[in-house]
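Notes follow once the structure below has been shown.
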Amino acid sequence: MAHFAALVGLGSYLPPRRVTNEELATMFDTSAEWIATRTGIRARHWAAPGVATSDLAVEAGHRALKSANLPLEPGAVDAVVLATTTPDHPCPATAPQVAARLGLGTVAAYDIAAVCSGFVYALATASAQITAGQARRVLVIGAETYSTILNPADRTTSVIFGDGAGAVVLRAVPDADRPGVILGVDLGSDGSRQDLITIPAGGSRERSTPGEPDPQDRYFTMQGKKVFAEAVNRMGESATALLDRVGWPAGSVDHLVGHQANIRILKALAQRLGLPEERAVVNVDRVGNTSAASIPLALSDAVAAGTLPSGSRVLLTAFGGGLTWGAAALTWPDLSAA
Amino acid sequence: MSTQTQTLTDQLLKMMTVQYGAPEDITAGTSFDALDLDSLVIVEVAVALTGRYGVDVTEEELHEAGDIAGTVALLEAKGVRA
């Protein structure tokens, strides 16, 4: 029997400390207004010292399972997929620890490293496990603590990124026309431009340079303007290819849920796809760029605000380091976010 | 100036003033640097031109083009027809 993967649960978690532009303006040579006009961001959340990515992932995962009416016990899901750029440790992956702490037993658990595109990559992988018959239910989490990799000397990245986690539950269903079914995905990458978004040190390439690495190379770096253009161009191409495959005219998309990097990217993307700006779901103003967590956080916000009704056509699209990008299409299910 | 060049010039003048906040009195020869636009605008214009005309346009190319007349020449060199 054919299986389709349907989204049946959604949850999110933000660490309590809210950092406003005004606070950042006291730390960096910038102004609250400069940050707001360049990025659309007014506040973001940063985890307290001692709080790691798994801590946020466990909270969001718990809430998504609750939203799907699933218990915290072995057998609730068959796999846990965690998208992150900021794992608790370089080794091992963070997902097994999250699965264990959620009481989910000895399920398959693995991390996905696709930076800001991570959630869409994880969704695609989890969906494929279900359609292949390898899993009936999968917990997919995007969780990040970028505050642990931001360079305090680099105001351009420090004002953009926030911490947070979002999660969804996918479940096998027999029919494709049921709301929530992942109707299609599109993934891509361009490793020739890996230098645009990178943490230069800390990996096996570090040994290629003699001596101790520059401490600055332990931090996240991004070439913002080049990334802006690549993001709009790649997300535009990917979304267009997916819409064509799914058979949705671009104008029929009700909600464009793009990676929340910068409001001006979201607007440019809506324009590229020929959609009115108001169809773009926006919460970057409140949470900043939370990388792999951004799409489920934006979905949770929209559900909580009542602006994402069941039956509406939703297009997810993301872009990140790698370079990587991806898109997914689904009709929104009837669920309440936790 | 050919009709085609004139049309592209008009399209770009309109885009710069209506969408990106350039002053109404700019001409094809007004330097982008003189417009006092924030640093992301030229990137946004490059992206918008890429989408509108279906050719790759980068921020660096627009800085080199310098003004709308230069940008029209750039687009024409890439095969764009109004």
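For the structure tokens, the naming scheme is as follows: chains receive sequential letters (A, B, ...) according to their order of presentation, residues are indexed from 1 within each chain, and ligands are indexed from 1 in presentation order.
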
If you count only C-alpha atoms, which residues fall within 6 Å of A:Leu150, apart from same-chain ones fewer than 6 positions away, as number ranges by chain? A: 158, 219-220

Output all heavy atoms for every residue in the selection just made, as a compact mmCIF listing (two decimals), in the first residue's frame.
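Result file again.txt:
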# COMPACT_ATOMS: atom_id res chain seq x y z
N SER A 158 25.87 39.48 14.54
CA SER A 158 25.37 39.42 15.92
C SER A 158 23.96 39.97 16.07
O SER A 158 23.22 39.55 16.96
CB SER A 158 26.32 40.18 16.86
OG SER A 158 27.53 39.47 16.98
N TYR A 219 34.25 31.38 14.84
CA TYR A 219 32.92 31.99 14.81
C TYR A 219 32.28 31.88 13.43
O TYR A 219 32.95 31.74 12.41
CB TYR A 219 33.02 33.48 15.17
CG TYR A 219 33.41 33.75 16.60
CD1 TYR A 219 34.60 34.44 16.89
CD2 TYR A 219 32.60 33.34 17.65
CE1 TYR A 219 34.96 34.71 18.21
CE2 TYR A 219 32.96 33.61 18.96
CZ TYR A 219 34.13 34.30 19.24
OH TYR A 219 34.47 34.56 20.54
N PHE A 220 30.96 32.03 13.44
CA PHE A 220 30.14 32.03 12.23
C PHE A 220 30.42 33.30 11.41
O PHE A 220 30.49 34.39 11.97
CB PHE A 220 28.68 31.99 12.66
CG PHE A 220 27.68 32.04 11.54
CD1 PHE A 220 27.25 30.88 10.92
CD2 PHE A 220 27.16 33.26 11.13
CE1 PHE A 220 26.32 30.93 9.90
CE2 PHE A 220 26.22 33.31 10.11
CZ PHE A 220 25.81 32.15 9.50

Can you tell me which residues surround stretch 81-96 of chain A at a distance of at most 9 Å, considering only C-alpha atoms, apart from same-chain residues fewer than 3 positions away, and format the answer as a VMD selection string? chain A and resid 52 to 54 57 99 to 101 106 to 123 125 to 126 138 to 146 148 to 149 167 202 to 203 291 to 293

Can I get the selected residues back with N, CA and C atoms, as a compact mmCIF listing (two decimals), in the first residue's frame?
# COMPACT_ATOMS: atom_id res chain seq x y z
N ALA A 52 21.88 24.45 25.93
CA ALA A 52 22.38 23.97 24.64
C ALA A 52 21.23 23.69 23.68
N THR A 53 21.61 23.40 22.44
CA THR A 53 20.61 23.16 21.40
C THR A 53 19.64 22.03 21.78
N SER A 54 20.17 20.95 22.38
CA SER A 54 19.28 19.83 22.75
C SER A 54 18.21 20.27 23.73
N ALA A 57 15.57 21.78 21.73
CA ALA A 57 14.97 20.74 20.86
C ALA A 57 14.02 19.86 21.65
N ALA A 99 16.08 12.21 21.51
CA ALA A 99 15.14 11.08 21.51
C ALA A 99 15.10 10.42 22.89
N ALA A 100 16.28 10.22 23.47
CA ALA A 100 16.35 9.56 24.78
C ALA A 100 15.69 10.42 25.85
N ARG A 101 15.99 11.73 25.84
CA ARG A 101 15.42 12.60 26.87
C ARG A 101 13.91 12.74 26.74
N THR A 106 14.65 3.53 21.74
CA THR A 106 15.87 3.34 20.94
C THR A 106 15.60 3.53 19.45
N VAL A 107 14.87 4.58 19.13
CA VAL A 107 14.50 4.83 17.72
C VAL A 107 15.69 5.33 16.90
N ALA A 108 15.56 5.25 15.60
CA ALA A 108 16.55 5.87 14.71
C ALA A 108 16.58 7.37 15.00
N ALA A 109 17.77 7.92 15.11
CA ALA A 109 17.88 9.35 15.42
C ALA A 109 19.15 9.89 14.79
N TYR A 110 19.02 10.98 14.03
CA TYR A 110 20.19 11.53 13.35
C TYR A 110 20.02 13.02 13.09
N ASP A 111 21.15 13.68 12.95
CA ASP A 111 21.15 15.12 12.66
C ASP A 111 21.23 15.35 11.15
N ILE A 112 20.71 16.50 10.75
CA ILE A 112 20.83 16.96 9.37
C ILE A 112 21.60 18.28 9.43
N ALA A 113 22.66 18.39 8.63
CA ALA A 113 23.45 19.62 8.60
C ALA A 113 23.25 20.31 7.26
N ALA A 114 22.31 21.21 7.19
CA ALA A 114 22.11 22.00 5.96
C ALA A 114 21.90 23.46 6.33
N VAL A 115 22.45 23.85 7.50
CA VAL A 115 22.41 25.23 7.98
C VAL A 115 20.95 25.74 7.93
N CYS A 116 20.71 26.89 7.35
CA CYS A 116 19.36 27.48 7.42
C CYS A 116 18.34 26.71 6.59
N SER A 117 18.79 25.84 5.69
CA SER A 117 17.85 25.00 4.93
C SER A 117 17.55 23.70 5.66
N GLY A 118 18.13 23.52 6.83
CA GLY A 118 18.09 22.24 7.53
C GLY A 118 16.69 21.69 7.74
N PHE A 119 15.76 22.55 8.10
CA PHE A 119 14.42 22.03 8.39
C PHE A 119 13.78 21.43 7.14
N VAL A 120 13.92 22.09 6.01
CA VAL A 120 13.31 21.56 4.77
C VAL A 120 14.01 20.26 4.37
N TYR A 121 15.33 20.21 4.53
CA TYR A 121 16.06 18.96 4.26
C TYR A 121 15.56 17.84 5.18
N ALA A 122 15.39 18.16 6.47
CA ALA A 122 14.94 17.15 7.43
C ALA A 122 13.52 16.70 7.11
N LEU A 123 12.69 17.64 6.73
CA LEU A 123 11.30 17.31 6.37
C LEU A 123 11.28 16.38 5.15
N THR A 125 13.68 14.34 4.17
CA THR A 125 14.22 13.03 4.53
C THR A 125 13.20 12.22 5.32
N ALA A 126 12.56 12.88 6.29
CA ALA A 126 11.57 12.20 7.12
C ALA A 126 10.37 11.76 6.27
N VAL A 138 7.38 10.20 12.36
CA VAL A 138 8.72 10.77 12.53
C VAL A 138 8.60 12.15 13.18
N LEU A 139 9.45 12.37 14.18
CA LEU A 139 9.55 13.70 14.80
C LEU A 139 10.67 14.46 14.10
N VAL A 140 10.34 15.61 13.54
CA VAL A 140 11.33 16.44 12.81
C VAL A 140 11.51 17.74 13.58
N ILE A 141 12.75 18.01 13.97
CA ILE A 141 13.02 19.20 14.80
C ILE A 141 14.06 20.08 14.11
N GLY A 142 13.85 21.39 14.17
CA GLY A 142 14.90 22.35 13.81
C GLY A 142 15.24 23.11 15.08
N ALA A 143 16.48 23.08 15.51
CA ALA A 143 16.85 23.72 16.78
C ALA A 143 18.22 24.37 16.66
N GLU A 144 18.34 25.56 17.20
CA GLU A 144 19.61 26.30 17.07
C GLU A 144 19.92 27.14 18.30
N THR A 145 21.20 27.23 18.60
CA THR A 145 21.69 28.22 19.58
C THR A 145 22.83 29.00 18.90
N TYR A 146 22.45 29.86 17.94
CA TYR A 146 23.47 30.65 17.23
C TYR A 146 24.21 31.59 18.17
N THR A 148 25.78 30.87 20.52
CA THR A 148 27.04 30.22 20.92
C THR A 148 28.12 30.33 19.84
N ILE A 149 27.76 30.72 18.63
CA ILE A 149 28.77 30.78 17.55
C ILE A 149 28.92 32.18 16.95
N ALA A 167 9.29 22.18 15.86
CA ALA A 167 9.23 20.75 15.50
C ALA A 167 7.88 20.42 14.90
N GLY A 202 37.62 24.47 13.30
CA GLY A 202 36.87 23.53 14.13
C GLY A 202 36.54 22.23 13.45
N GLY A 203 36.85 22.11 12.16
CA GLY A 203 36.62 20.85 11.44
C GLY A 203 37.93 20.25 10.98
N SER A 291 17.79 30.24 11.85
CA SER A 291 18.37 29.20 11.00
C SER A 291 17.41 28.00 10.83
N ALA A 292 17.84 26.81 11.21
CA ALA A 292 17.02 25.61 10.94
C ALA A 292 15.70 25.61 11.71
N ALA A 293 15.58 26.46 12.72
CA ALA A 293 14.33 26.51 13.50
C ALA A 293 13.31 27.45 12.89

What residues in chain A have any atom no more than 10 Å from chain B when counting only C-alpha atoms, and can you write them as JSON, numbers by chain? {"A": [34, 37, 38, 39, 224, 225, 226, 227, 228, 229, 230, 231, 232, 233, 236, 237, 264, 265, 267, 268, 269, 271, 272, 273]}

Could you give me, as a short mmCIF file (atom, residue, chain, number, x, y, z; two decimals) with all heavy atoms, in the first residue's frame, the residues within 12 Å of A:Val169, counting only C-alpha atoms and dropping anything in the same chain fewer than 4 positions from it?
data_model
loop_
_atom_site.label_atom_id
_atom_site.label_comp_id
_atom_site.auth_asym_id
_atom_site.auth_seq_id
_atom_site.Cartn_x
_atom_site.Cartn_y
_atom_site.Cartn_z
N ALA A 5 3.15 11.09 3.57
CA ALA A 5 3.56 11.66 4.86
C ALA A 5 2.76 12.93 5.13
O ALA A 5 2.82 13.87 4.34
CB ALA A 5 5.05 11.95 4.85
N ALA A 6 2.03 12.93 6.24
CA ALA A 6 1.21 14.10 6.57
C ALA A 6 1.70 14.75 7.85
O ALA A 6 2.08 14.08 8.81
CB ALA A 6 -0.25 13.69 6.74
N LEU A 7 1.67 16.08 7.85
CA LEU A 7 2.04 16.84 9.05
C LEU A 7 0.85 16.80 10.02
O LEU A 7 -0.25 17.22 9.67
CB LEU A 7 2.36 18.28 8.63
CG LEU A 7 3.11 19.18 9.60
CD1 LEU A 7 3.77 20.32 8.85
CD2 LEU A 7 2.18 19.75 10.66
N VAL A 8 1.09 16.26 11.22
CA VAL A 8 -0.02 16.09 12.17
C VAL A 8 0.27 16.72 13.54
O VAL A 8 -0.56 16.63 14.44
CB VAL A 8 -0.36 14.59 12.37
CG1 VAL A 8 -0.90 13.99 11.08
CG2 VAL A 8 0.84 13.80 12.88
N GLY A 9 1.43 17.35 13.70
CA GLY A 9 1.73 17.99 14.98
C GLY A 9 2.74 19.10 14.77
O GLY A 9 3.55 19.05 13.84
N LEU A 10 2.66 20.14 15.61
CA LEU A 10 3.54 21.31 15.46
C LEU A 10 3.80 21.91 16.84
O LEU A 10 2.86 22.12 17.62
CB LEU A 10 2.86 22.34 14.55
CG LEU A 10 3.51 23.72 14.41
CD1 LEU A 10 4.86 23.61 13.67
CD2 LEU A 10 2.58 24.65 13.63
N GLY A 11 5.05 22.18 17.14
CA GLY A 11 5.38 22.81 18.42
C GLY A 11 6.61 23.68 18.30
O GLY A 11 7.40 23.54 17.36
N SER A 12 6.77 24.61 19.21
CA SER A 12 7.95 25.48 19.16
C SER A 12 8.34 25.92 20.56
O SER A 12 7.55 25.84 21.49
CB SER A 12 7.67 26.70 18.28
OG SER A 12 6.65 27.48 18.85
N ALA A 60 10.72 21.82 22.20
CA ALA A 60 9.91 21.92 20.97
C ALA A 60 9.38 20.55 20.56
O ALA A 60 8.22 20.41 20.14
CB ALA A 60 10.73 22.53 19.83
N GLY A 61 10.21 19.52 20.69
CA GLY A 61 9.80 18.15 20.35
C GLY A 61 8.64 17.70 21.22
O GLY A 61 7.66 17.11 20.72
N HIS A 62 8.75 17.97 22.51
CA HIS A 62 7.69 17.63 23.46
C HIS A 62 6.37 18.28 23.02
O HIS A 62 5.31 17.63 22.99
CB HIS A 62 8.11 18.11 24.85
CG HIS A 62 7.16 17.72 25.94
ND1 HIS A 62 7.43 17.94 27.27
CD2 HIS A 62 5.94 17.16 25.90
CE1 HIS A 62 6.41 17.51 28.00
NE2 HIS A 62 5.50 17.03 27.19
N ARG A 63 6.44 19.53 22.67
CA ARG A 63 5.22 20.26 22.29
C ARG A 63 4.63 19.74 20.98
O ARG A 63 3.41 19.67 20.84
CB ARG A 63 5.54 21.76 22.19
CG ARG A 63 5.85 22.34 23.57
CD ARG A 63 6.33 23.77 23.52
NE ARG A 63 6.71 24.21 24.87
CZ ARG A 63 6.86 25.46 25.24
NH1 ARG A 63 6.68 26.44 24.35
NH2 ARG A 63 7.22 25.77 26.47
N ALA A 64 5.49 19.38 20.04
CA ALA A 64 4.98 18.85 18.76
C ALA A 64 4.29 17.50 18.98
O ALA A 64 3.25 17.22 18.37
CB ALA A 64 6.12 18.71 17.75
N LEU A 65 4.89 16.67 19.85
CA LEU A 65 4.28 15.37 20.13
C LEU A 65 2.92 15.57 20.81
O LEU A 65 1.95 14.87 20.51
CB LEU A 65 5.21 14.53 21.02
CG LEU A 65 6.49 14.05 20.33
CD1 LEU A 65 7.51 13.57 21.34
CD2 LEU A 65 6.17 12.94 19.33
N LYS A 66 2.86 16.54 21.70
CA LYS A 66 1.60 16.85 22.38
C LYS A 66 0.56 17.31 21.36
O LYS A 66 -0.60 16.89 21.40
CB LYS A 66 1.87 17.95 23.42
CG LYS A 66 0.73 18.21 24.37
CD LYS A 66 1.17 19.24 25.41
CE LYS A 66 -0.05 19.87 26.06
NZ LYS A 66 0.30 21.07 26.82
N SER A 67 0.98 18.18 20.45
CA SER A 67 0.08 18.68 19.41
C SER A 67 -0.46 17.53 18.55
O SER A 67 -1.59 17.58 18.07
CB SER A 67 0.81 19.71 18.56
OG SER A 67 0.23 19.89 17.30
N ALA A 68 0.36 16.47 18.38
CA ALA A 68 -0.05 15.31 17.57
C ALA A 68 -0.76 14.26 18.42
O ALA A 68 -1.06 13.17 17.93
CB ALA A 68 1.18 14.70 16.91
N ASN A 69 -1.00 14.58 19.70
CA ASN A 69 -1.63 13.63 20.63
C ASN A 69 -0.83 12.34 20.78
O ASN A 69 -1.40 11.25 20.88
CB ASN A 69 -3.06 13.29 20.20
CG ASN A 69 -3.97 14.50 20.29
OD1 ASN A 69 -3.94 15.22 21.30
ND2 ASN A 69 -4.72 14.76 19.24
N LEU A 70 0.48 12.48 20.79
CA LEU A 70 1.33 11.30 20.96
C LEU A 70 1.98 11.32 22.34
O LEU A 70 2.35 12.39 22.83
CB LEU A 70 2.42 11.25 19.88
CG LEU A 70 1.93 10.94 18.46
CD1 LEU A 70 3.06 11.15 17.45
CD2 LEU A 70 1.41 9.50 18.39
N ALA A 76 6.16 5.84 20.18
CA ALA A 76 5.40 7.02 19.75
C ALA A 76 5.81 7.43 18.34
O ALA A 76 4.97 7.78 17.51
CB ALA A 76 5.60 8.17 20.73
N VAL A 77 7.12 7.43 18.09
CA VAL A 77 7.62 7.69 16.74
C VAL A 77 8.68 6.65 16.39
O VAL A 77 9.24 6.00 17.28
CB VAL A 77 8.24 9.12 16.60
CG1 VAL A 77 7.20 10.20 16.83
CG2 VAL A 77 9.43 9.30 17.53
N ASP A 78 8.96 6.52 15.10
CA ASP A 78 9.95 5.55 14.64
C ASP A 78 11.30 6.19 14.33
O ASP A 78 12.27 5.50 14.07
CB ASP A 78 9.44 4.84 13.38
CG ASP A 78 8.09 4.20 13.62
OD1 ASP A 78 7.97 3.46 14.61
OD2 ASP A 78 7.16 4.48 12.84
N ALA A 79 11.33 7.52 14.32
CA ALA A 79 12.60 8.21 14.04
C ALA A 79 12.53 9.65 14.54
O ALA A 79 11.45 10.24 14.60
CB ALA A 79 12.91 8.20 12.55
N VAL A 80 13.71 10.16 14.91
CA VAL A 80 13.85 11.57 15.29
C VAL A 80 14.92 12.18 14.38
O VAL A 80 16.05 11.68 14.34
CB VAL A 80 14.25 11.73 16.77
CG1 VAL A 80 14.52 13.20 17.09
CG2 VAL A 80 13.16 11.17 17.69
N VAL A 81 14.54 13.21 13.65
CA VAL A 81 15.48 13.89 12.74
C VAL A 81 15.64 15.32 13.24
O VAL A 81 14.65 16.04 13.39
CB VAL A 81 14.94 13.89 11.30
CG1 VAL A 81 16.01 14.43 10.35
CG2 VAL A 81 14.51 12.49 10.87
N LEU A 82 16.88 15.70 13.49
CA LEU A 82 17.14 17.03 14.06
C LEU A 82 18.02 17.84 13.11
O LEU A 82 19.15 17.45 12.81
CB LEU A 82 17.84 16.89 15.42
CG LEU A 82 18.34 18.18 16.06
CD1 LEU A 82 17.17 19.07 16.48
CD2 LEU A 82 19.20 17.88 17.27
N ALA A 122 15.39 18.16 6.47
CA ALA A 122 14.94 17.15 7.43
C ALA A 122 13.52 16.70 7.11
O ALA A 122 13.21 15.51 7.19
CB ALA A 122 15.02 17.73 8.85
N LEU A 123 12.69 17.64 6.73
CA LEU A 123 11.30 17.31 6.37
C LEU A 123 11.28 16.38 5.15
O LEU A 123 10.52 15.41 5.11
CB LEU A 123 10.55 18.61 6.06
CG LEU A 123 9.04 18.54 5.98
CD1 LEU A 123 8.43 18.41 7.37
CD2 LEU A 123 8.49 19.80 5.30
N ALA A 126 12.56 12.88 6.29
CA ALA A 126 11.57 12.20 7.12
C ALA A 126 10.37 11.76 6.27
O ALA A 126 9.87 10.64 6.41
CB ALA A 126 11.11 13.13 8.23
N SER A 127 9.95 12.63 5.39
CA SER A 127 8.83 12.32 4.50
C SER A 127 9.17 11.10 3.64
O SER A 127 8.35 10.19 3.45
CB SER A 127 8.53 13.55 3.65
OG SER A 127 7.65 13.25 2.62
N ILE A 130 8.91 7.82 5.41
CA ILE A 130 7.52 7.37 5.54
C ILE A 130 7.01 6.80 4.22
O ILE A 130 6.44 5.71 4.18
CB ILE A 130 6.63 8.53 6.05
CG1 ILE A 130 6.94 8.77 7.53
CG2 ILE A 130 5.15 8.20 5.85
CD1 ILE A 130 6.25 9.97 8.14
N ALA A 135 9.18 4.08 8.15
CA ALA A 135 8.71 4.66 9.41
C ALA A 135 7.24 5.03 9.25
O ALA A 135 6.79 5.35 8.16
CB ALA A 135 9.53 5.90 9.76
N ARG A 136 6.51 4.96 10.36
CA ARG A 136 5.09 5.37 10.33
C ARG A 136 4.94 6.79 10.87
O ARG A 136 4.11 7.55 10.43
CB ARG A 136 4.25 4.42 11.19
CG ARG A 136 4.13 3.00 10.63
CD ARG A 136 3.77 2.05 11.75
NE ARG A 136 4.80 2.10 12.80
CZ ARG A 136 4.62 1.76 14.07
NH1 ARG A 136 3.45 1.35 14.49
NH2 ARG A 136 5.61 1.84 14.94
N ARG A 137 5.75 7.12 11.88
CA ARG A 137 5.69 8.46 12.46
C ARG A 137 7.12 8.96 12.70
O ARG A 137 7.96 8.21 13.20
CB ARG A 137 4.92 8.44 13.79
CG ARG A 137 3.44 8.21 13.62
CD ARG A 137 2.71 8.24 14.96
NE ARG A 137 3.08 7.11 15.81
CZ ARG A 137 2.43 5.94 15.82
NH1 ARG A 137 1.37 5.76 15.05
NH2 ARG A 137 2.84 4.97 16.61
N VAL A 138 7.38 10.20 12.36
CA VAL A 138 8.72 10.77 12.53
C VAL A 138 8.60 12.15 13.18
O VAL A 138 7.76 12.96 12.78
CB VAL A 138 9.47 10.91 11.18
CG1 VAL A 138 10.88 11.44 11.41
CG2 VAL A 138 9.51 9.58 10.44
N LEU A 139 9.45 12.37 14.18
CA LEU A 139 9.55 13.70 14.80
C LEU A 139 10.67 14.46 14.10
O LEU A 139 11.81 13.99 14.06
CB LEU A 139 9.85 13.55 16.30
CG LEU A 139 10.09 14.84 17.09
CD1 LEU A 139 8.88 15.76 17.06
CD2 LEU A 139 10.47 14.51 18.53
N VAL A 140 10.34 15.61 13.54
CA VAL A 140 11.33 16.44 12.81
C VAL A 140 11.51 17.74 13.58
O VAL A 140 10.55 18.48 13.81
CB VAL A 140 10.82 16.77 11.39
CG1 VAL A 140 11.85 17.59 10.64
CG2 VAL A 140 10.48 15.50 10.62
N ILE A 141 12.75 18.01 13.97
CA ILE A 141 13.02 19.20 14.80
C ILE A 141 14.06 20.08 14.11
O ILE A 141 15.03 19.58 13.53
CB ILE A 141 13.58 18.79 16.19
CG1 ILE A 141 12.66 17.75 16.86
CG2 ILE A 141 13.74 20.01 17.09
CD1 ILE A 141 13.24 17.16 18.15
N GLY A 142 13.85 21.39 14.17
CA GLY A 142 14.90 22.35 13.81
C GLY A 142 15.24 23.11 15.08
O GLY A 142 14.34 23.70 15.69
N GLY A 180 -2.35 18.31 4.98
CA GLY A 180 -1.14 18.03 5.73
C GLY A 180 -0.14 17.18 4.98
O GLY A 180 1.03 17.12 5.34
N VAL A 181 -0.59 16.50 3.92
CA VAL A 181 0.33 15.64 3.16
C VAL A 181 1.40 16.49 2.47
O VAL A 181 1.07 17.51 1.85
CB VAL A 181 -0.44 14.78 2.13
CG1 VAL A 181 0.52 14.14 1.12
CG2 VAL A 181 -1.24 13.70 2.84
N ILE A 182 2.64 16.06 2.61
CA ILE A 182 3.74 16.73 1.91
C ILE A 182 3.62 16.34 0.44
O ILE A 182 3.87 15.19 0.06
CB ILE A 182 5.13 16.29 2.46
CG1 ILE A 182 5.18 16.44 4.00
CG2 ILE A 182 6.26 17.06 1.78
CD1 ILE A 182 5.00 17.84 4.52
N PRO A 296 9.54 26.12 11.23
CA PRO A 296 8.52 25.68 12.20
C PRO A 296 8.15 26.77 13.21
O PRO A 296 7.00 26.82 13.66
CB PRO A 296 9.15 24.46 12.88
CG PRO A 296 10.60 24.53 12.58
CD PRO A 296 10.73 25.24 11.28
N PRO A 333 -3.03 21.38 7.45
CA PRO A 333 -3.96 20.51 8.16
C PRO A 333 -4.69 21.25 9.29
O PRO A 333 -4.35 22.38 9.62
CB PRO A 333 -3.05 19.44 8.74
CG PRO A 333 -1.77 20.16 9.00
CD PRO A 333 -1.64 21.21 7.93
N LEU A 335 -4.86 21.60 12.84
CA LEU A 335 -4.17 21.25 14.08
C LEU A 335 -3.91 22.51 14.89
O LEU A 335 -3.93 23.62 14.37
CB LEU A 335 -2.86 20.50 13.81
CG LEU A 335 -1.78 21.12 12.93
CD1 LEU A 335 -1.01 22.22 13.65
CD2 LEU A 335 -0.80 20.05 12.49
N ALA A 337 -1.12 24.36 17.31
CA ALA A 337 0.31 24.33 17.67
C ALA A 337 0.42 24.38 19.18
O ALA A 337 -0.39 25.01 19.85
CB ALA A 337 1.02 25.50 17.04
N ALA A 338 1.45 23.69 19.70
CA ALA A 338 1.69 23.72 21.15
C ALA A 338 2.95 24.50 21.43
O ALA A 338 3.86 24.52 20.62
CB ALA A 338 1.81 22.31 21.67
#

Could you list, as number ranges by chain, every residue within 7 Å of stretch 4-6 of chain B, counting only C-alpha atoms and ignoring same-chain residues fewer than 4 positions away? B: 10, 72, 81-82

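A straight line drawn from atom CA of A:Gly103 to atom CA of A:Glu73 is 5.1 Å long.
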
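Atom to atom, atom CA of A:Gly258 and atom CA of A:Ala328 stand 10.3 Å apart.
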
Just asking: which residues within stretch 17-178 of chain A are strand (DSSP E) according to DSSP, as a VMD selection string? chain A and resid 18 to 20 43 to 45 79 to 83 108 to 112 137 to 145 163 to 173

Please return, as a compact mmCIF listing (two decimals) with C-alpha atoms, in the first residue's frame, all residues of stretch 236-317 of chain A that DSSP assigns to helix (DSSP H, G or I) on the basis of the backbone.
# COMPACT_ATOMS: atom_id res chain seq x y z
CA GLY A 236 12.80 31.58 -6.37
CA GLU A 237 14.08 28.89 -8.74
CA SER A 238 13.46 26.07 -6.28
CA ALA A 239 9.95 27.21 -5.40
CA THR A 240 9.07 27.68 -9.07
CA ALA A 241 10.34 24.19 -9.95
CA LEU A 242 8.35 22.66 -7.09
CA LEU A 243 5.13 24.51 -7.89
CA ASP A 244 5.42 23.32 -11.46
CA ARG A 245 5.85 19.70 -10.29
CA VAL A 246 2.97 19.90 -7.80
CA ALA A 250 2.27 30.40 -8.34
CA GLY A 251 -0.60 32.76 -7.63
CA SER A 252 -2.55 30.00 -5.88
CA ILE A 263 12.18 40.80 5.79
CA ARG A 264 13.61 42.34 2.64
CA ILE A 265 14.52 38.87 1.33
CA LEU A 266 10.98 37.68 2.04
CA LYS A 267 9.52 40.66 0.17
CA ALA A 268 11.88 40.20 -2.79
CA LEU A 269 11.01 36.50 -2.89
CA ALA A 270 7.26 37.19 -2.89
CA GLN A 271 7.81 39.63 -5.74
CA ARG A 272 9.89 37.08 -7.65
CA GLU A 277 3.75 40.69 -0.05
CA GLU A 278 1.03 39.98 2.51
CA ARG A 279 1.05 36.28 1.55
CA VAL A 284 11.56 37.52 11.74
CA ASP A 285 10.68 40.81 13.45
CA ARG A 286 10.16 38.98 16.75
CA VAL A 287 12.66 36.09 16.63
CA SER A 291 18.37 29.20 11.00
CA ALA A 292 17.02 25.61 10.94
CA ALA A 293 14.33 26.51 13.50
CA SER A 294 12.89 29.37 11.51
CA ILE A 295 10.22 27.65 9.40
CA PRO A 296 8.52 25.68 12.20
CA LEU A 297 8.73 28.77 14.43
CA ALA A 298 7.04 30.85 11.73
CA LEU A 299 4.37 28.16 11.23
CA SER A 300 3.71 28.04 14.98
CA ASP A 301 3.36 31.81 15.13
CA ALA A 302 0.93 31.84 12.20
CA VAL A 303 -1.19 29.04 13.69
CA ALA A 304 -1.25 30.79 17.07

Skipping near chain neighbours, those fewer than 5 positions away, what residues fall within 10 Å of B:Ser31 using only C-alpha atoms, listed as a compact mmCIF listing (two decimals) with C-alpha atoms, in the first residue's frame?
# COMPACT_ATOMS: atom_id res chain seq x y z
CA ILE B 26 16.61 61.48 -10.94
CA HIS B 63 28.11 49.43 -9.01
CA ALA B 65 27.39 50.42 -14.31
CA GLY B 66 27.13 53.40 -11.97
CA ASP B 67 23.77 54.80 -13.05
CA ILE B 68 20.60 53.90 -14.94
CA ALA B 69 22.10 54.60 -18.36
CA GLY B 70 24.97 52.24 -17.52

Mind pulling up the distance from atom CA of A:Arg42 to atom CA of A:Glu23? 10.5 Å
